[in-house]
$ cat run29.cif   # mmCIF, C-alpha atoms
data_query
#
loop_
_atom_site.label_atom_id
_atom_site.label_comp_id
_atom_site.auth_asym_id
_atom_site.auth_seq_id
_atom_site.Cartn_x
_atom_site.Cartn_y
_atom_site.Cartn_z
CA MET A 126 -7.99 16.82 0.94
CA LYS A 127 -5.11 16.94 3.37
CA LEU A 128 -3.14 13.73 3.02
CA VAL A 129 -0.22 12.04 4.72
CA VAL A 130 1.90 9.82 2.46
CA VAL A 131 4.18 7.43 4.32
CA GLY A 132 7.17 6.13 2.37
CA ALA A 133 6.85 9.11 0.06
CA SER A 134 10.33 8.82 -1.44
CA GLY A 135 9.87 5.25 -2.68
CA SER A 136 8.84 4.36 -6.23
CA LEU A 137 5.12 4.08 -5.45
CA GLY A 138 5.10 6.79 -2.78
CA LEU A 139 6.62 9.31 -5.18
CA GLN A 140 3.88 8.63 -7.71
CA VAL A 141 1.18 9.00 -5.03
CA VAL A 142 2.64 12.35 -3.99
CA LYS A 143 2.85 13.60 -7.59
CA ARG A 144 -0.67 12.49 -8.44
CA ALA A 145 -2.09 13.95 -5.22
CA LEU A 146 -0.47 17.31 -5.90
CA ASP A 147 -1.73 17.24 -9.50
CA ASP A 148 -5.24 16.70 -8.11
CA GLY A 149 -4.91 19.74 -5.86
CA HIS A 150 -4.48 17.94 -2.53
CA HIS A 151 -2.24 19.10 0.29
CA VAL A 152 0.40 16.46 1.03
CA THR A 153 2.51 15.84 4.11
CA ALA A 154 5.23 13.44 2.98
CA PHE A 155 6.89 11.22 5.58
CA VAL A 156 10.48 10.50 4.52
CA ARG A 157 13.71 9.22 6.06
CA ALA A 158 15.55 12.32 4.81
CA THR A 159 14.30 15.43 3.02
CA SER A 160 16.95 14.93 0.36
CA LYS A 161 15.13 11.73 -0.69
CA LEU A 162 12.23 13.66 -2.26
CA MET A 163 13.21 16.40 -4.67
CA LEU A 164 9.87 18.04 -5.36
CA ASP A 165 8.94 21.69 -4.98
CA ASN A 166 5.29 22.55 -4.40
CA ASP A 167 3.52 24.98 -2.07
CA ARG A 168 1.10 22.23 -1.07
CA LEU A 169 3.86 19.78 -0.16
CA GLU A 170 5.44 19.46 3.29
CA LEU A 171 8.37 17.11 3.85
CA VAL A 172 8.69 15.63 7.34
CA VAL A 173 11.34 13.28 8.69
CA VAL A 174 9.77 10.75 11.07
CA ASP A 175 10.47 7.40 12.66
CA ILE A 176 7.73 5.16 11.27
CA PHE A 177 8.05 2.85 14.28
CA ALA A 178 7.62 5.69 16.81
CA GLU A 179 4.06 7.02 16.91
CA ASP A 180 5.01 10.16 18.85
CA THR A 181 7.11 11.42 15.92
CA MET A 182 4.10 11.15 13.59
CA ILE A 183 1.19 12.41 15.69
CA PRO A 184 1.83 16.18 15.34
CA HIS A 185 1.99 15.87 11.55
CA MET A 186 -1.19 13.82 11.27
CA LYS A 187 -3.45 16.25 13.08
CA ASP A 188 -6.21 17.76 10.91
CA LYS A 189 -5.46 15.35 8.05
CA ASP A 190 -8.14 13.49 6.10
CA ALA A 191 -6.30 10.26 5.30
CA VAL A 192 -3.02 8.40 5.52
CA ILE A 193 -1.62 6.44 2.58
CA SER A 194 1.25 4.07 3.35
CA CYS A 195 3.48 3.06 0.45
CA LEU A 196 6.07 1.39 2.65
CA GLY A 197 7.68 -1.74 1.34
CA VAL A 198 10.65 -4.07 1.59
CA THR A 199 12.56 -4.40 -1.67
CA LYS A 200 15.45 -6.66 -0.69
CA ARG A 201 15.28 -10.40 -0.18
CA THR A 202 16.05 -11.48 3.37
CA SER A 203 16.40 -14.76 5.22
CA GLY A 204 15.64 -13.21 8.59
CA VAL A 205 12.30 -12.53 10.23
CA VAL A 206 10.51 -9.55 8.68
CA THR A 207 8.26 -7.37 10.84
CA PHE A 208 8.52 -4.15 8.83
CA TYR A 209 4.96 -4.15 7.48
CA SER A 210 3.12 -5.18 10.63
CA GLU A 211 5.12 -3.15 13.15
CA SER A 212 5.12 0.04 11.08
CA ALA A 213 1.37 -0.31 10.56
CA LYS A 214 0.78 -0.64 14.30
CA ALA A 215 2.72 2.57 14.97
CA ILE A 216 0.98 4.42 12.14
CA ILE A 217 -2.48 3.33 13.31
CA ALA A 218 -1.65 4.29 16.91
CA ALA A 219 -0.61 7.75 15.72
CA MET A 220 -3.74 8.06 13.60
CA ARG A 221 -5.95 7.28 16.57
CA LYS A 222 -4.32 9.96 18.70
CA ALA A 223 -4.54 12.44 15.83
CA THR A 224 -8.17 11.38 15.12
CA VAL A 225 -7.55 10.36 11.51
CA HIS A 226 -9.79 7.51 10.39
CA ARG A 227 -8.94 6.70 6.73
CA PHE A 228 -5.95 4.45 5.98
CA VAL A 229 -4.78 2.92 2.70
CA THR A 230 -1.80 0.61 2.52
CA VAL A 231 -0.22 -1.79 0.04
CA THR A 232 0.91 -5.42 0.07
CA ALA A 233 0.91 -7.82 -2.91
CA TRP A 234 -0.96 -10.54 -4.77
CA CYS A 235 -1.05 -14.02 -3.28
CA THR A 236 0.25 -13.29 0.19
CA GLU A 237 -1.65 -16.37 1.33
CA TYR A 238 -1.98 -19.62 -0.58
CA ASP A 239 -5.53 -20.81 -1.16
CA ARG A 240 -5.50 -24.38 -2.51
CA SER A 241 -9.23 -24.19 -3.18
CA ASN A 242 -8.73 -21.20 -5.51
CA THR A 243 -5.28 -21.48 -7.04
CA GLY A 244 -5.98 -19.54 -10.21
CA PRO A 245 -4.47 -20.11 -13.67
CA TRP A 246 -1.52 -22.51 -14.11
CA PHE A 247 0.95 -19.64 -14.68
CA LEU A 248 0.08 -18.17 -11.30
CA GLU A 249 0.05 -21.59 -9.63
CA TRP A 250 3.28 -23.01 -11.05
CA ILE A 251 5.40 -19.96 -11.95
CA ILE A 252 4.42 -16.85 -10.00
CA ASN A 253 3.63 -18.42 -6.62
CA PRO A 254 6.89 -20.45 -6.41
CA LEU A 255 8.91 -17.36 -7.34
CA LEU A 256 7.10 -15.26 -4.73
CA ILE A 257 7.78 -17.89 -2.07
CA LEU A 258 11.45 -18.12 -3.10
CA TYR A 259 12.18 -14.40 -3.16
CA MET A 260 9.54 -12.98 -0.82
CA GLY A 261 8.74 -15.76 1.64
CA ARG A 262 9.55 -13.89 4.85
CA ILE A 263 8.24 -10.64 3.42
CA LYS A 264 4.93 -12.27 2.48
CA GLU A 265 4.61 -13.70 5.99
CA ASP A 266 4.69 -10.19 7.43
CA MET A 267 2.30 -8.88 4.79
CA VAL A 268 -0.12 -11.54 6.06
CA ARG A 269 0.39 -10.30 9.63
CA LEU A 270 -0.52 -6.79 8.45
CA GLU A 271 -3.56 -8.06 6.54
CA LYS A 272 -4.78 -9.88 9.66
CA TYR A 273 -4.01 -7.03 12.06
CA LEU A 274 -6.27 -4.51 10.34
CA PRO A 275 -9.57 -6.46 10.42
CA GLU A 276 -8.84 -7.98 13.83
CA SER A 277 -7.68 -4.83 15.65
CA CYS A 278 -8.76 -1.77 13.67
CA SER A 279 -12.56 -1.73 13.60
CA ASP A 280 -12.42 2.01 14.33
CA ILE A 281 -10.35 2.72 11.20
CA ASN A 282 -11.63 2.79 7.62
CA TRP A 283 -8.73 0.86 6.13
CA THR A 284 -8.09 -0.63 2.70
CA VAL A 285 -5.28 -2.96 1.67
CA VAL A 286 -4.38 -2.63 -2.02
CA LYS A 287 -2.61 -5.66 -3.52
CA PRO A 288 -0.81 -5.15 -6.85
CA CYS A 289 1.17 -7.97 -8.40
CA TYR A 290 3.84 -6.36 -10.55
CA LEU A 291 4.35 -2.59 -10.67
CA LEU A 292 5.89 -1.18 -13.85
CA ASN A 293 8.07 1.93 -13.80
CA LYS A 294 6.38 3.37 -16.88
CA PRO A 295 4.36 6.53 -17.62
CA TYR A 296 0.77 6.94 -16.52
CA THR A 297 -1.64 5.31 -18.96
CA GLY A 298 -5.05 6.14 -17.52
CA ILE A 299 -6.17 2.56 -18.13
CA GLU A 300 -8.99 1.32 -15.93
CA ILE A 301 -7.75 -0.52 -12.87
CA VAL A 302 -9.71 -3.64 -11.98
CA ALA A 303 -10.17 -4.42 -8.29
CA PHE A 304 -11.27 -7.70 -6.72
CA GLU A 305 -11.67 -8.68 -3.09
CA GLY A 306 -9.28 -11.60 -2.83
CA GLN A 307 -5.71 -12.80 -3.32
CA PHE A 308 -5.59 -12.20 -7.09
CA ILE A 309 -7.85 -11.25 -10.00
CA PRO A 310 -8.92 -14.13 -12.24
CA GLY A 311 -8.34 -13.29 -15.90
CA ALA A 312 -6.64 -9.94 -15.28
CA SER A 313 -3.18 -8.78 -16.27
CA MET A 314 -0.79 -8.96 -13.34
CA SER A 315 1.05 -5.72 -14.17
CA VAL A 316 0.05 -2.09 -13.71
CA THR A 317 2.19 1.02 -13.80
CA LEU A 318 3.23 2.70 -10.58
CA ALA A 319 1.42 5.86 -11.69
CA ASP A 320 -1.83 4.00 -12.44
CA ALA A 321 -1.66 2.21 -9.08
CA ALA A 322 -1.11 5.56 -7.37
CA ARG A 323 -4.13 7.03 -9.12
CA PHE A 324 -6.26 4.10 -7.98
CA MET A 325 -5.12 4.44 -4.36
CA LEU A 326 -6.11 8.10 -4.39
CA SER A 327 -9.44 7.39 -6.09
CA ILE A 328 -10.65 5.06 -3.34
CA LEU A 329 -10.40 7.86 -0.79
CA THR A 330 -13.59 9.35 -2.21
CA THR A 331 -15.73 6.21 -2.00
CA ASN A 332 -16.83 3.79 0.71
CA GLN A 333 -16.82 0.85 -1.72
CA TRP A 334 -13.49 -0.55 -0.56
CA ASN A 335 -13.58 0.38 3.11
CA LYS A 336 -12.31 -2.43 5.37
CA LYS A 337 -11.46 -4.66 2.43
CA ILE A 338 -8.35 -6.36 1.09
CA ILE A 339 -8.36 -5.97 -2.69
CA ALA A 340 -6.14 -7.22 -5.49
CA ILE A 341 -5.69 -4.87 -8.44
CA GLY A 342 -4.79 -5.47 -12.08
CA ARG A 343 -6.03 -4.59 -15.55
CA HIS A 344 -7.91 -6.33 -18.35
#

$ encode --input "run29.cif" --output "structure tokens"
Amino acid sequence: MKLVVVGASGSLGLQVVKRALDDGHHVTAFVRATSKLMLDNDRLELVVVDIFAEDTMIPHMKDKDAVISCLGVTKRTSGVVTFYSESAKAIIAAMRKATVHRFVTVTAWCTEYDRSNTGPWFLEWIINPLLILYMGRIKEDMVRLEKYLPESCSDINWTVVKPCYLLNKPYTGIEIVAFEGQFIPGASMSVTLADAARFMLSILTTNQWNKKIIAIGRH
């Protein structure tokens, strides 16, 4: 396949690029600067774009099979966050003009609180309060992204992948468990970046998770 990876120089994006190349795909990597991604492969093209300006992305999306966005905010902020939702709107607009219809993006576990399904006590009393403390504004914008796709993107085959904690460890090949919801009851909250990347690539070849928001973990 011919893939576009947005946020290709980040921790998850780099793993998606590496795994895609290992699988024989052609990858167009969207980066802020070419120096951010030090990989050499004949099937890899590095492109500097403005992820909030669709016109900079359209030429590089033409004739592609799918777009995978690994964009994320890593620093705590007290201000309003619009990074996830606004970048997604620009990416989707560019995809429409380039006639690309498959989109995979990433948020996190428990972006919305569901009092009717709070999960185990550790998630309820430890993880959720920490997420609210350190990611409150970020989570609010993740929710905006998760609402934008089903409400405004019926023409796009999108999937939102929601990991909880991504480990910077080698690829394990362990089976990733996916569940349509805010978290996975009974599953481990941590997966490696490489395993998450492999899962995100694997769902491109199935319709099972089209237009769904899915939490991932492992047993």

$ residues_around --input "run29.cif" --residues "stretch 189-191 of chain A" --least-positions-apart "4" --cutoff "7 Å" --atoms "all atoms listed in the file" --output "PyMOL selection string"
chain A and resi 126-129+225-228

$ closest_residue --input "run29.cif" --among "A:Met182, A:Leu169, A:Met267, A:Ala223" --to "A:Glu211" --atoms "all atoms listed in the file"
A:Met267

$ residues_around --input "run29.cif" --residues "A:Glu271" --least-positions-apart "2" --cutoff "12 Å" --atoms "only C-alpha atoms" --output "number ranges by chain"
A: 209-211, 213-214, 229-237, 264-269, 273-278, 283-287, 306-307, 336-339

$ resolve_selection --input "run29.cif" --expression "the PyMOL selection byres ((chain A and resi 170) around 9)" --output "list in words"
His151, Val152, Thr153, Ala154, Phe155, Asn166, Asp167, Arg168, Leu169, Leu171 and Val172 of chain A

$ atom_distance --input "run29.cif" --atom1 "atom CA of A:Thr181" --atom2 "atom CA of A:Ala158"
14.0 Å

$ resolve_selection --input "run29.cif" --expression "the PyMOL selection byres ((chain A and resi 300) around 9)" --output "PyMOL selection string"
chain A and resi 297-299+301-302+320+324+342-344

$ atom_distance --input "run29.cif" --atom1 "atom CA of A:Thr224" --atom2 "atom CA of A:Met186"
8.3 Å

$ resolve_selection --input "run29.cif" --expression "the PyMOL selection byres ((chain A and resi 139) around 12)" --output "ChimeraX atom specification"
/A:130-138,140-146,152,154-156,161-164,169,193-196,293,318-319,321-323

$ atom_distance --input "run29.cif" --atom1 "atom CA of A:Phe177" --atom2 "atom CA of A:Phe208"
8.9 Å

$ closest_residue --input "run29.cif" --among "A:Ile216, A:Ala340, A:Ala178, A:Ala303" --to "A:Pro288" --atoms "all atoms listed in the file"
A:Ala340
